[in-house]
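Enquirer: As input, take entry-v2.cif (mmCIF, C-alpha atoms and all ligand atoms):
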```
data_final
#
loop_
_atom_site.label_atom_id
_atom_site.label_comp_id
_atom_site.auth_asym_id
_atom_site.auth_seq_id
_atom_site.Cartn_x
_atom_site.Cartn_y
_atom_site.Cartn_z
CA MET A 1 -45.81 133.79 139.71
CA THR A 2 -42.11 133.90 140.48
CA ALA A 3 -39.37 131.92 138.75
CA PRO A 4 -38.52 128.55 140.29
CA LEU A 5 -36.05 128.83 143.11
CA ARG A 6 -32.47 127.67 142.94
CA ALA A 7 -31.70 124.91 145.40
CA LYS A 8 -30.18 126.16 148.69
CA ASP A 9 -31.77 129.61 148.37
CA PRO A 10 -34.25 129.80 151.23
CA THR A 11 -37.43 131.75 150.64
CA ALA A 12 -39.16 133.56 153.48
CA VAL A 13 -42.91 134.05 153.34
CA THR A 14 -44.37 136.28 156.05
CA VAL A 15 -47.72 135.59 157.65
CA ALA A 16 -48.75 139.19 158.39
CA LEU A 17 -50.73 139.19 161.62
CA GLY A 18 -49.51 142.34 163.33
CA GLU A 19 -47.64 141.54 166.54
CA ARG A 20 -48.18 137.84 165.89
CA SER A 21 -46.57 137.89 162.44
CA TYR A 22 -44.12 135.15 161.63
CA ASP A 23 -41.96 133.82 158.84
CA ILE A 24 -42.18 130.57 156.94
CA VAL A 25 -38.66 129.68 155.81
CA ILE A 26 -38.68 127.31 152.85
CA GLY A 27 -35.62 125.66 151.38
CA ASN A 28 -33.40 122.67 150.95
CA GLU A 29 -31.49 121.69 154.11
CA GLN A 30 -32.90 124.57 156.15
CA LEU A 31 -33.19 122.42 159.30
CA SER A 32 -29.55 123.23 160.06
CA SER A 33 -30.53 126.92 160.41
CA LEU A 34 -33.22 126.19 163.03
CA GLY A 35 -31.13 126.93 166.13
CA ARG A 36 -29.72 130.16 164.74
CA ARG A 37 -33.19 131.37 163.77
CA ILE A 38 -34.67 130.49 167.16
CA ALA A 39 -31.79 132.09 169.05
CA ALA A 40 -32.39 135.29 167.08
CA LEU A 41 -36.11 135.29 167.90
CA ARG A 42 -35.96 134.15 171.55
CA PRO A 43 -32.46 134.56 172.96
CA GLY A 44 -31.85 132.26 175.92
CA ALA A 45 -34.99 130.14 175.43
CA LYS A 46 -34.98 126.38 176.16
CA ALA A 47 -36.87 124.06 173.83
CA ALA A 48 -38.90 120.86 173.99
CA ILE A 49 -39.19 118.96 170.73
CA VAL A 50 -42.42 117.02 170.19
CA THR A 51 -42.20 114.36 167.50
CA ASP A 52 -43.49 110.91 166.53
CA LYS A 53 -41.56 107.65 166.45
CA THR A 54 -41.12 107.55 162.69
CA VAL A 55 -40.10 111.18 162.27
CA GLY A 56 -37.88 110.91 165.34
CA GLN A 57 -35.85 108.18 163.66
CA TYR A 58 -35.18 110.36 160.63
CA CYS A 59 -35.05 113.89 161.97
CA LEU A 60 -34.62 114.13 165.75
CA ALA A 61 -30.82 113.89 165.88
CA ALA A 62 -30.38 116.55 163.18
CA THR A 63 -32.84 118.83 164.97
CA GLU A 64 -31.01 118.43 168.27
CA THR A 65 -27.70 119.11 166.54
CA ALA A 66 -29.09 122.28 164.93
CA LEU A 67 -30.31 123.53 168.32
CA ALA A 68 -27.13 122.60 170.16
CA ALA A 69 -25.05 124.44 167.56
CA ALA A 70 -26.83 127.64 168.63
CA GLY A 71 -26.45 126.83 172.33
CA ILE A 72 -30.13 125.92 172.83
CA SER A 73 -30.77 123.17 175.35
CA ALA A 74 -33.53 120.81 174.31
CA THR A 75 -35.51 117.86 175.60
CA SER A 76 -37.80 115.72 173.50
CA VAL A 77 -41.14 113.90 173.76
CA THR A 78 -41.89 111.15 171.28
CA VAL A 79 -45.43 109.88 170.68
CA ALA A 80 -46.75 107.10 168.45
CA ALA A 81 -47.03 107.93 164.73
CA GLY A 82 -50.50 108.38 163.29
CA GLU A 83 -53.83 110.13 163.78
CA SER A 84 -54.55 108.22 167.01
CA SER A 85 -52.05 110.51 168.78
CA LYS A 86 -54.49 113.43 168.37
CA SER A 87 -56.27 112.26 171.54
CA PHE A 88 -56.82 113.59 175.08
CA ALA A 89 -54.62 110.82 176.46
CA VAL A 90 -51.62 111.73 174.29
CA LEU A 91 -52.25 115.45 174.77
CA GLU A 92 -52.05 114.87 178.52
CA THR A 93 -48.76 113.02 178.16
CA VAL A 94 -47.30 115.84 176.06
CA CYS A 95 -48.50 118.60 178.42
CA GLU A 96 -47.07 116.79 181.42
CA ALA A 97 -43.78 116.19 179.64
CA LEU A 98 -43.52 119.91 178.86
CA ILE A 99 -44.14 120.80 182.48
CA ALA A 100 -41.68 118.14 183.68
CA ALA A 101 -39.05 119.58 181.31
CA ARG A 102 -39.64 122.97 182.99
CA ILE A 103 -40.69 124.64 179.78
CA GLU A 104 -41.88 128.02 180.93
CA ARG A 105 -43.25 131.21 179.41
CA GLY A 106 -40.41 132.45 177.26
CA ASP A 107 -39.34 128.91 176.31
CA LEU A 108 -40.41 127.04 173.21
CA VAL A 109 -42.17 123.97 171.94
CA ILE A 110 -40.94 122.62 168.61
CA ALA A 111 -43.41 120.55 166.59
CA LEU A 112 -41.26 118.20 164.50
CA GLY A 113 -43.45 116.09 162.26
CA GLY A 114 -46.47 116.00 159.99
CA GLY A 115 -49.89 117.51 160.55
CA VAL A 116 -50.61 115.20 163.48
CA ILE A 117 -47.62 116.46 165.46
CA GLY A 118 -48.21 120.08 164.42
CA ASP A 119 -51.83 119.95 165.60
CA LEU A 120 -51.02 118.09 168.82
CA ALA A 121 -47.90 120.01 169.86
CA GLY A 122 -49.46 123.33 168.83
CA PHE A 123 -52.50 122.60 171.00
CA ALA A 124 -50.32 121.54 173.94
CA ALA A 125 -48.39 124.81 173.50
CA ALA A 126 -51.67 126.75 173.55
CA LEU A 127 -52.65 125.10 176.84
CA VAL A 128 -49.54 124.74 178.98
CA ARG A 129 -48.96 127.80 181.19
CA ARG A 130 -51.84 129.45 179.31
CA GLY A 131 -49.83 129.64 176.13
CA LEU A 132 -46.26 128.86 175.15
CA ASP A 133 -44.56 129.93 171.95
CA TYR A 134 -43.99 127.20 169.42
CA VAL A 135 -42.14 126.59 166.18
CA GLN A 136 -43.35 124.34 163.40
CA VAL A 137 -40.84 122.10 161.63
CA PRO A 138 -43.15 120.30 159.20
CA THR A 139 -41.88 117.01 157.76
CA THR A 140 -44.69 115.99 155.39
CA LEU A 141 -45.69 117.78 152.19
CA LEU A 142 -49.17 118.30 153.64
CA ALA A 143 -47.73 119.93 156.72
CA GLN A 144 -45.28 122.10 154.75
CA VAL A 145 -47.95 123.53 152.46
CA ASP A 146 -50.94 123.54 154.76
CA SER A 147 -51.18 122.45 158.38
CA SER A 148 -48.05 124.17 159.77
CA VAL A 149 -49.29 127.56 158.62
CA GLY A 150 -52.28 129.42 160.01
CA GLY A 151 -52.44 128.50 163.68
CA LYS A 152 -55.22 125.92 163.72
CA THR A 153 -54.39 123.32 166.37
CA ALA A 154 -56.57 120.44 167.55
CA ILE A 155 -57.13 116.92 168.72
CA ASP A 156 -59.96 114.59 167.69
CA SER A 157 -62.98 113.46 169.69
CA PRO A 158 -64.99 110.28 169.18
CA GLN A 159 -67.63 112.50 167.53
CA GLY A 160 -65.27 113.80 164.89
CA LYS A 161 -61.90 115.13 163.82
CA ASN A 162 -60.42 118.39 165.11
CA LEU A 163 -63.40 119.15 167.36
CA ILE A 164 -61.28 120.19 170.35
CA GLY A 165 -58.69 122.83 169.62
CA ALA A 166 -57.53 126.41 169.60
CA PHE A 167 -56.20 129.04 167.26
CA HIS A 168 -52.57 129.47 168.27
CA GLN A 169 -50.08 130.84 165.76
CA PRO A 170 -46.47 129.59 165.70
CA ILE A 171 -43.64 132.13 165.92
CA LEU A 172 -41.70 130.50 163.06
CA VAL A 173 -42.12 127.75 160.47
CA VAL A 174 -39.05 126.08 158.98
CA ALA A 175 -40.02 123.94 155.99
CA ASP A 176 -36.96 121.97 154.90
CA SER A 177 -37.86 120.36 151.58
CA ALA A 178 -35.04 117.82 151.92
CA LEU A 179 -36.88 116.23 154.88
CA LEU A 180 -39.51 115.05 152.40
CA ASP A 181 -37.01 112.67 150.78
CA THR A 182 -37.83 109.95 153.32
CA LEU A 183 -41.60 110.41 153.05
CA PRO A 184 -43.38 107.37 151.57
CA ALA A 185 -44.57 108.03 148.00
CA ARG A 186 -48.22 107.67 148.97
CA GLU A 187 -47.88 110.36 151.67
CA PHE A 188 -46.14 112.73 149.27
CA ARG A 189 -48.84 112.20 146.64
CA ALA A 190 -51.62 112.77 149.17
CA GLY A 191 -50.00 116.05 150.22
CA TYR A 192 -49.76 117.05 146.57
CA ALA A 193 -53.57 117.22 146.44
CA GLU A 194 -53.36 120.25 148.75
CA VAL A 195 -50.72 121.84 146.47
CA ALA A 196 -53.00 121.43 143.44
CA LYS A 197 -55.82 122.87 145.57
CA TYR A 198 -54.09 126.27 145.72
CA GLY A 199 -53.94 126.45 141.94
CA LEU A 200 -57.57 125.45 141.66
CA ILE A 201 -58.73 127.99 144.26
CA ALA A 202 -57.08 131.12 142.95
CA ASP A 203 -54.05 130.68 140.68
CA ALA A 204 -54.74 129.27 137.21
CA ASP A 205 -51.12 129.93 136.15
CA PHE A 206 -49.83 127.86 139.06
CA PHE A 207 -52.19 125.01 138.13
CA ALA A 208 -50.89 125.12 134.55
CA TRP A 209 -47.32 125.14 135.90
CA LEU A 210 -48.12 122.06 137.99
CA GLU A 211 -49.59 120.29 134.96
CA ALA A 212 -46.29 120.85 133.15
CA ASN A 213 -43.88 120.35 136.07
CA TRP A 214 -45.45 117.94 138.56
CA GLN A 215 -42.86 115.27 137.89
CA GLN A 216 -40.08 117.66 138.96
CA VAL A 217 -42.09 118.58 142.06
CA PHE A 218 -42.20 114.88 142.96
CA ALA A 219 -38.49 114.47 142.14
CA GLY A 220 -37.37 117.24 144.53
CA GLY A 221 -35.07 120.23 144.12
CA GLY A 222 -36.03 123.69 142.94
CA ALA A 223 -39.42 122.78 141.47
CA ARG A 224 -40.52 121.21 144.74
CA GLU A 225 -39.43 124.27 146.71
CA HIS A 226 -41.22 126.52 144.24
CA ALA A 227 -44.46 124.55 144.67
CA ILE A 228 -44.15 124.75 148.47
CA ALA A 229 -43.40 128.48 148.37
CA VAL A 230 -46.33 129.32 146.07
CA SER A 231 -48.65 127.24 148.27
CA CYS A 232 -47.41 128.89 151.48
CA ARG A 233 -47.67 132.35 149.96
CA MET A 234 -51.32 131.78 149.14
CA LYS A 235 -52.15 130.26 152.50
CA ALA A 236 -50.29 133.07 154.32
CA ALA A 237 -52.16 135.75 152.40
CA ILE A 238 -55.54 134.17 153.06
CA VAL A 239 -54.80 133.63 156.77
CA ALA A 240 -53.58 137.24 157.11
CA ARG A 241 -56.89 138.49 155.69
CA ASP A 242 -59.17 136.06 157.56
CA GLU A 243 -57.39 134.42 160.49
CA ARG A 244 -60.52 133.06 162.17
CA GLU A 245 -62.28 131.77 159.05
CA THR A 246 -65.22 134.14 159.02
CA GLY A 247 -65.07 134.37 155.23
CA GLU A 248 -62.31 133.90 152.69
CA ARG A 249 -60.32 131.27 154.65
CA ALA A 250 -63.19 128.86 153.94
CA LEU A 251 -61.89 128.71 150.33
CA LEU A 252 -59.12 126.46 151.66
CA ASN A 253 -61.86 123.89 152.24
CA LEU A 254 -62.20 123.28 148.49
CA GLY A 255 -62.94 119.57 148.11
CA HIS A 256 -63.14 119.15 151.88
CA THR A 257 -66.92 118.87 152.34
CA PHE A 258 -67.10 115.90 149.98
CA GLY A 259 -63.65 114.77 151.09
CA HIS A 260 -64.39 114.69 154.83
CA ALA A 261 -67.57 112.72 154.16
CA LEU A 262 -65.57 110.18 152.13
CA GLU A 263 -62.90 109.96 154.86
CA ALA A 264 -65.58 109.44 157.51
CA ALA A 265 -67.31 106.79 155.36
CA ALA A 266 -63.96 104.98 155.10
CA GLY A 267 -63.68 105.18 158.90
CA PHE A 268 -60.62 107.49 158.71
CA SER A 269 -58.64 104.38 157.89
CA ASP A 270 -55.65 103.72 155.67
CA ARG A 271 -58.09 102.98 152.86
CA LEU A 272 -58.19 106.68 152.13
CA ARG A 273 -55.54 109.21 153.15
CA HIS A 274 -56.78 112.77 153.75
CA GLY A 275 -55.22 114.08 150.54
CA GLU A 276 -56.69 111.21 148.53
CA ALA A 277 -60.15 112.09 149.85
CA ILE A 278 -59.47 115.74 148.95
CA SER A 279 -58.50 114.74 145.42
CA LEU A 280 -61.86 112.99 145.05
CA GLY A 281 -63.57 115.91 146.77
CA MET A 282 -62.06 118.46 144.39
CA VAL A 283 -63.06 116.39 141.36
CA LEU A 284 -66.60 116.24 142.77
CA ALA A 285 -66.65 119.99 143.58
CA PHE A 286 -65.67 120.83 139.99
CA ALA A 287 -68.12 118.30 138.52
CA PHE A 288 -70.87 119.68 140.77
CA SER A 289 -70.01 123.22 139.65
CA ALA A 290 -70.30 122.06 136.03
CA ARG A 291 -73.67 120.45 136.79
CA LEU A 292 -74.84 123.77 138.25
CA LYS A 293 -73.68 125.36 134.96
CA LEU A 294 -71.16 127.53 136.79
CA LEU A 295 -68.27 126.33 134.68
CA ALA A 296 -67.60 124.53 131.40
CA PRO A 297 -67.44 120.70 131.66
CA ASP A 298 -64.00 120.65 129.98
CA GLN A 299 -62.59 122.57 132.98
CA ALA A 300 -63.85 119.88 135.35
CA ALA A 301 -62.37 117.23 133.05
CA ARG A 302 -59.00 119.03 133.13
CA VAL A 303 -58.93 118.92 136.94
CA GLU A 304 -59.70 115.22 136.90
CA ARG A 305 -57.05 114.59 134.23
CA HIS A 306 -54.26 116.22 136.21
CA LEU A 307 -55.07 114.55 139.53
CA ALA A 308 -55.33 111.19 137.78
CA ALA A 309 -52.00 111.81 136.02
CA VAL A 310 -50.17 112.16 139.35
CA GLY A 311 -51.81 108.96 140.59
CA LEU A 312 -54.41 110.43 142.94
CA PRO A 313 -57.87 108.82 143.05
CA THR A 314 -60.51 110.60 140.96
CA HIS A 315 -63.33 108.02 140.84
CA LEU A 316 -65.49 106.95 143.76
CA ARG A 317 -65.17 103.35 142.58
CA SER A 318 -61.43 103.45 143.16
CA ILE A 319 -61.92 103.72 146.94
CA PRO A 320 -60.73 100.38 148.34
CA GLY A 321 -63.72 98.61 149.85
CA GLY A 322 -66.11 100.32 147.44
CA ALA A 323 -67.89 103.67 147.15
CA PRO A 324 -70.24 104.67 149.97
CA GLN A 325 -73.99 105.06 149.43
CA ALA A 326 -75.26 108.52 148.43
CA GLU A 327 -77.56 108.70 151.48
CA ARG A 328 -74.69 107.91 153.82
CA LEU A 329 -72.59 110.63 152.19
CA ILE A 330 -75.40 113.20 152.49
CA GLU A 331 -75.82 112.28 156.14
CA LEU A 332 -72.10 112.73 156.75
CA ILE A 333 -72.01 116.00 154.80
CA ALA A 334 -74.96 117.31 156.85
CA GLN A 335 -73.07 116.51 160.08
CA ASP A 336 -70.09 118.47 158.86
CA LYS A 337 -69.44 121.74 160.63
CA LYS A 338 -69.98 123.80 157.51
CA VAL A 339 -73.78 123.39 157.64
CA ARG A 340 -75.85 126.48 158.51
CA ARG A 341 -79.65 126.36 158.96
CA GLY A 342 -80.20 123.29 156.83
CA LYS A 343 -78.35 124.67 153.81
CA LEU A 344 -75.01 123.28 152.85
CA THR A 345 -71.94 125.39 152.27
CA PHE A 346 -69.71 124.33 149.40
CA ILE A 347 -66.69 125.77 147.71
CA LEU A 348 -67.60 125.90 144.05
CA ALA A 349 -65.76 126.96 140.91
CA ARG A 350 -66.39 129.35 138.06
CA GLY A 351 -63.16 128.14 136.52
CA ILE A 352 -59.73 126.76 137.36
CA GLY A 353 -58.26 129.36 139.73
CA ASP A 354 -61.65 130.94 140.39
CA CYS A 355 -63.38 129.34 143.37
CA PHE A 356 -65.91 130.93 145.70
CA VAL A 357 -67.86 130.15 148.85
CA ALA A 358 -71.45 129.07 148.07
CA PRO A 359 -73.37 129.03 151.36
CA HIS A 360 -76.91 128.16 150.21
CA ILE A 361 -76.74 124.85 148.39
CA GLU A 362 -79.86 122.66 148.70
CA ALA A 363 -79.21 119.20 150.07
CA ASP A 364 -81.52 117.77 147.36
CA GLU A 365 -79.31 119.20 144.66
CA VAL A 366 -76.27 117.50 146.22
CA ARG A 367 -78.16 114.22 146.63
CA ALA A 368 -79.21 114.19 142.96
CA PHE A 369 -75.63 114.92 141.91
CA LEU A 370 -74.17 112.16 144.09
CA LEU A 371 -76.74 109.62 142.87
CA GLU A 372 -75.79 110.49 139.30
CA LYS A 373 -72.05 110.20 140.07
CA LEU A 374 -72.45 106.88 141.86
CA SER A 375 -74.53 105.45 139.01
CA GLU A 376 -71.79 106.44 136.53
CA GLN A 377 -69.20 104.38 138.37
N1 LIG B 401 -54.00 122.60 161.39
C1 LIG B 401 -54.36 122.63 160.13
O1 LIG B 401 -54.59 123.69 159.56
C2 LIG B 401 -54.45 121.34 159.38
C3 LIG B 401 -54.62 121.37 157.98
C4 LIG B 401 -54.64 120.15 157.31
C5 LIG B 401 -54.50 118.96 158.00
N2 LIG B 401 -54.34 118.97 159.36
C6 LIG B 401 -54.18 117.73 160.11
O2 LIG B 401 -52.97 117.12 159.67
C7 LIG B 401 -53.05 115.72 159.92
C8 LIG B 401 -52.49 114.97 158.75
O3 LIG B 401 -51.16 115.35 158.57
P1 LIG B 401 -50.12 114.44 157.75
O4 LIG B 401 -50.74 113.99 156.51
O5 LIG B 401 -48.86 115.19 157.72
O6 LIG B 401 -50.05 113.13 158.67
P2 LIG B 401 -49.02 112.60 159.77
O7 LIG B 401 -48.52 113.67 160.63
O8 LIG B 401 -49.70 111.45 160.42
O9 LIG B 401 -47.83 112.04 158.88
C9 LIG B 401 -48.06 110.96 158.01
C10 LIG B 401 -47.11 109.80 158.25
O10 LIG B 401 -45.84 110.14 157.73
C11 LIG B 401 -44.83 109.94 158.71
N3 LIG B 401 -43.81 110.94 158.44
C12 LIG B 401 -43.87 112.27 158.67
N4 LIG B 401 -42.80 112.88 158.20
C13 LIG B 401 -42.01 111.94 157.65
C14 LIG B 401 -40.76 111.98 156.97
N5 LIG B 401 -40.14 113.13 156.73
N6 LIG B 401 -40.26 110.80 156.54
C15 LIG B 401 -40.92 109.64 156.73
N7 LIG B 401 -42.10 109.54 157.36
C16 LIG B 401 -42.65 110.69 157.80
C17 LIG B 401 -45.53 110.10 160.03
O11 LIG B 401 -44.84 109.41 161.06
C18 LIG B 401 -46.88 109.48 159.73
O12 LIG B 401 -46.82 108.10 159.86
C19 LIG B 401 -54.51 115.42 160.21
O13 LIG B 401 -54.65 115.15 161.58
C20 LIG B 401 -55.23 116.70 159.85
O14 LIG B 401 -56.37 116.92 160.64
C21 LIG B 401 -54.32 120.14 160.04
ZN ZN B 402 -56.90 119.25 153.75
#
```
For the file at hand, write its structure as structure tokens.

Expert:
Amino acid sequence: MTAPLRAKDPTAVTVALGERSYDIVIGNEQLSSLGRRIAALRPGAKAAIVTDKTVGQYCLAATETALAAAGISATSVTVAAGESSKSFAVLETVCEALIAARIERGDLVIALGGGVIGDLAGFAAALVRRGLDYVQVPTTLLAQVDSSVGGKTAIDSPQGKNLIGAFHQPILVVADSALLDTLPAREFRAGYAEVAKYGLIADADFFAWLEANWQQVFAGGGAREHAIAVSCRMKAAIVARDERETGERALLNLGHTFGHALEAAAGFSDRLRHGEAISLGMVLAFAFSARLKLLAPDQAARVERHLAAVGLPTHLRSIPGGAPQAERLIELIAQDKKVRRGKLTFILARGIGDCFVAPHIEADEVRAFLLEKLSEQ
């Protein structure tokens, strides 16, 4: 682990994918460098900024100024904030706006927003003119540490989230930690679940650092940038080794099999943000690992303690509207895309910082565990 960064010192993390390699630039007030960085990568390119209404209010003018300062002409498309924009209808609007703005091969799409905008604009960029370059400017903690990196783009279908999409890597990610200052506390906290996830998957020292320093991460400054940089470094390394998720990249789904089922049971509503569901999912994944005698129960308790300390949900009973039934959860887990030939795939733990992909878990074992958990509540 590196020492915490000094404010204003940007860090560059490279996602090493041969010809498609790109940098993630992380730092305070890095948005102002966006135009200069783009001009260096694609001299003479025009840009279309895709954003949502909320982010647009806070960040669009500064983004336009940064581009104009480097002589880049830019148009913008603004969609409604929220998951509902990951739809065919909104995708169509964005694609048509890009064509109307005469964005051609050699020009750029800029995704300015959280994971919704990154997924939507990235997918539009993959489609229009059979593939345009795009730049991610993530504005939520979740997007800065997770969704803006790795090239997964998608919209939702009535059958489920992210079912229609493409792998399309950005050419640059600029993660300006100062943009997170306007993020509602609940959104920041939900994104923090994904930060803790990296420690739990493969970096026990980072998890211990988070236990000691999470308040500074929430407060901003160098500790926040450090947490973002460590998270991005891990995601970049995993993506470089397994871009298409044929193996190791699945580790990033820690807590997500349980978590997605909980999100689906809550109807993907405001009752449970994605990161909140992942917090519950990670607590369940560690408790399940303890039940399978893969790890000591005190390790599972430590995970729960930290997530509870930051204010994330750790008990099924804390889901507003009540915990779902075990059978409903099993049904939802079985529908999840990580099911192969009747066996369930889970990310389990041998310890904090030592997770692995377990592809042959019996549904009965999961059912018994969930029944036990729900009866404890
Ligand atoms: N592609 C991937 O690898 C990947 C990984 C994880 C999640 N995702 C996707 O990401 C999405 C969730 O992303 P999210 O949590 O960032 O949600 P989001 O994009 O909806 O942002 C959350 C809310 O915060 C607002 N917001 C964003 N930035 C702000 C700022 N700086 N100040 C104030 N308000 C701001 C947005 O307008 C929105 O209302 C989901 O659709 C999920 O499927 C994708
Ligand atoms: Zn997630």

Enquirer: Could you give me, as a PDB file with C-alpha atoms, in the frame of the given file, every polymer residue with an atom at most 8 Å away from an atom of ligand ZN 402 (chain B), counting only C-alpha atoms and all ligand atoms?

Expert:
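Wrote out22.pdb, looks like this:
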```
ATOM      1  CA  LEU A 142     -49.170 118.300 153.640  1.00  0.00           C
ATOM      2  CA  ASP A 146     -50.940 123.540 154.760  1.00  0.00           C
ATOM      3  CA  GLU A 194     -53.360 120.250 148.750  1.00  0.00           C
ATOM      4  CA  LEU A 252     -59.120 126.460 151.660  1.00  0.00           C
ATOM      5  CA  ASN A 253     -61.860 123.890 152.240  1.00  0.00           C
ATOM      6  CA  HIS A 256     -63.140 119.150 151.880  1.00  0.00           C
ATOM      7  CA  HIS A 274     -56.780 112.770 153.750  1.00  0.00           C
ATOM      8  CA  GLY A 275     -55.220 114.080 150.540  1.00  0.00           C
ATOM      9  CA  ILE A 278     -59.470 115.740 148.950  1.00  0.00           C
TER      10      ILE A 278
END
```

Enquirer: Rounded to one decimal place, report the atom CA of A:Gly131-atom C1 of ligand LIG 401 (chain B) distance in Å.

Expert: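 Value for the atom CA of A:Gly131-atom C1 of ligand LIG 401 (chain B) distance: 18.0 Å.
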
Enquirer: Can you tell me which residues come within 6 Å of ligand LIG 401 (chain B) when counting all atoms listed in the file, ideally as a PyMOL selection string?

Expert: chain A and resi 52+54-55+81-83+113-117+119+139-140+142-143+146-147+152-153+179-180+182-183

Enquirer: Let me make sure I understand: among A:Val25, A:Leu284, A:Ile352, A:Ile38, which one has the smallest atom-to-atom distance to A:Tyr198 if we use all atoms listed in the file?

Expert: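 Counting all atoms listed in the file, the residue closest to A:Tyr198 is A:Ile352.
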
Enquirer: If you measure from atom CA of A:Ala69 to atom CA of A:Ser33, what distance in Å do you get, rounded to one decimal?

Expert: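 A separation of 9.3 Å between them.
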
Enquirer: Using only C-alpha atoms, which of A:Ala266, A:Ala126, A:Leu254, A:Ala47 sits nearest A:Val77?

Expert: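 Looking at the shortest contact to A:Val77, the residue is A:Ala47.
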
Enquirer: Hey, what's within 10 Å of A:Ala196 if we count only C-alpha atoms and toss same-chain stuff fewer than 2 positions away? As a list in words, please?

Expert: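 In the requested form, the answer reads Gly191, Tyr192, Ala193, Glu194, Tyr198, Gly199, Leu200, Ile201, Asp203, Phe206, Phe207, Ala208, Leu210, Glu211, Trp214, Ala227, Ser231, Ser279, Met282, Val303, His306 and Leu307 of chain A.
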
Enquirer: Can you list, as a list in words, every protein, DNA or RNA residue that comes within 12 Å of A:Thr14 when you count all atoms listed in the file, leaving out same-chain residues fewer than 2 positions away?

Expert: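 Surrounding residues, per the criterion: Thr11, Ala12, Ala16, Leu17, Gly18, Arg20, Ser21, Tyr22, Asp23, Ile24, Val25, Ile26, Val149, Gly150, Pro170, Ile171, Leu172, Val173, Val174, Ala229, Cys232, Arg233, Met234, Lys235, Ala236, Ala237, Ile238, Val239 and Ala240 of chain A.
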
Enquirer: Give me the residues within 12 Å of A:Ala301 as a list in words, counting all atoms listed in the file and dropping any in the same chain fewer than 2 places off.

Expert: Met282, Val283, Leu284, Ala285, Phe286, Ala287, Phe288, Ser289, Ala290, Leu295, Ala296, Pro297, Asp298, Gln299, Val303, Glu304, Arg305, His306, Leu307, Ala308, Thr314, Gly351 and Ile352 of chain A

Enquirer: May I ask which of the residues A:Leu370, A:Ala178, A:Ala219, A:Ile228 is the closest one to A:Gly281, counting all atoms listed in the file?

Expert: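 Of all the options, A:Leu370 lies closest to A:Gly281.
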
Enquirer: Distance cut-off 10 Å, centre (-36.4, 121.0, 151.1) in file coordinates, counting all atoms listed in the file: which residues qualify? Return them as a list in words.

Expert: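 Within the cut-off we find Ala7, Lys8, Pro10, Ile26, Gly27, Asn28, Glu29, Gln30, Leu31, Thr139, Leu141, Gln144, Val174, Ala175, Asp176, Ser177, Ala178, Leu179, Leu180, Asp181, Gly220, Gly221, Gly222, Arg224, Glu225 and Ile228 of chain A.
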
Enquirer: Between A:Ala66, A:Ala89, A:Ala124, A:Cys59, which residue has the minimum interatomic distance to A:Pro138, considering only C-alpha atoms?

Expert: A:Cys59

Enquirer: Hey, what's within 12 Å of A:Ala368 if we count all atoms listed in the file and toss same-chain stuff fewer than 2 positions away? As JSON, numbers by chain, please?

Expert: {"A": [288, 291, 292, 326, 327, 329, 330, 362, 363, 364, 365, 366, 370, 371, 372, 373, 374, 375]}

Enquirer: With only C-alpha atoms as the atoms that count, which of A:Val94, A:Val128, A:Lys197, A:Asp354 lies nearest to A:Ile49?

Expert: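 With only C-alpha atoms as the atom set, the closest residue is A:Val94.
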
Enquirer: Can you work out the spacing between atom CA of A:Tyr134 and atom CA of A:Gly160 in Å, to one decimal?

Expert: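 Interatomic distance here is 25.6 Å.
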
Enquirer: Which residue gives the smallest distance to A:Leu120 among A:Gly44, A:Gly321, A:Pro313, A:Gly165, with all atoms listed in the file counted?

Expert: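 So, comparing all the options, the nearest one is A:Gly165.
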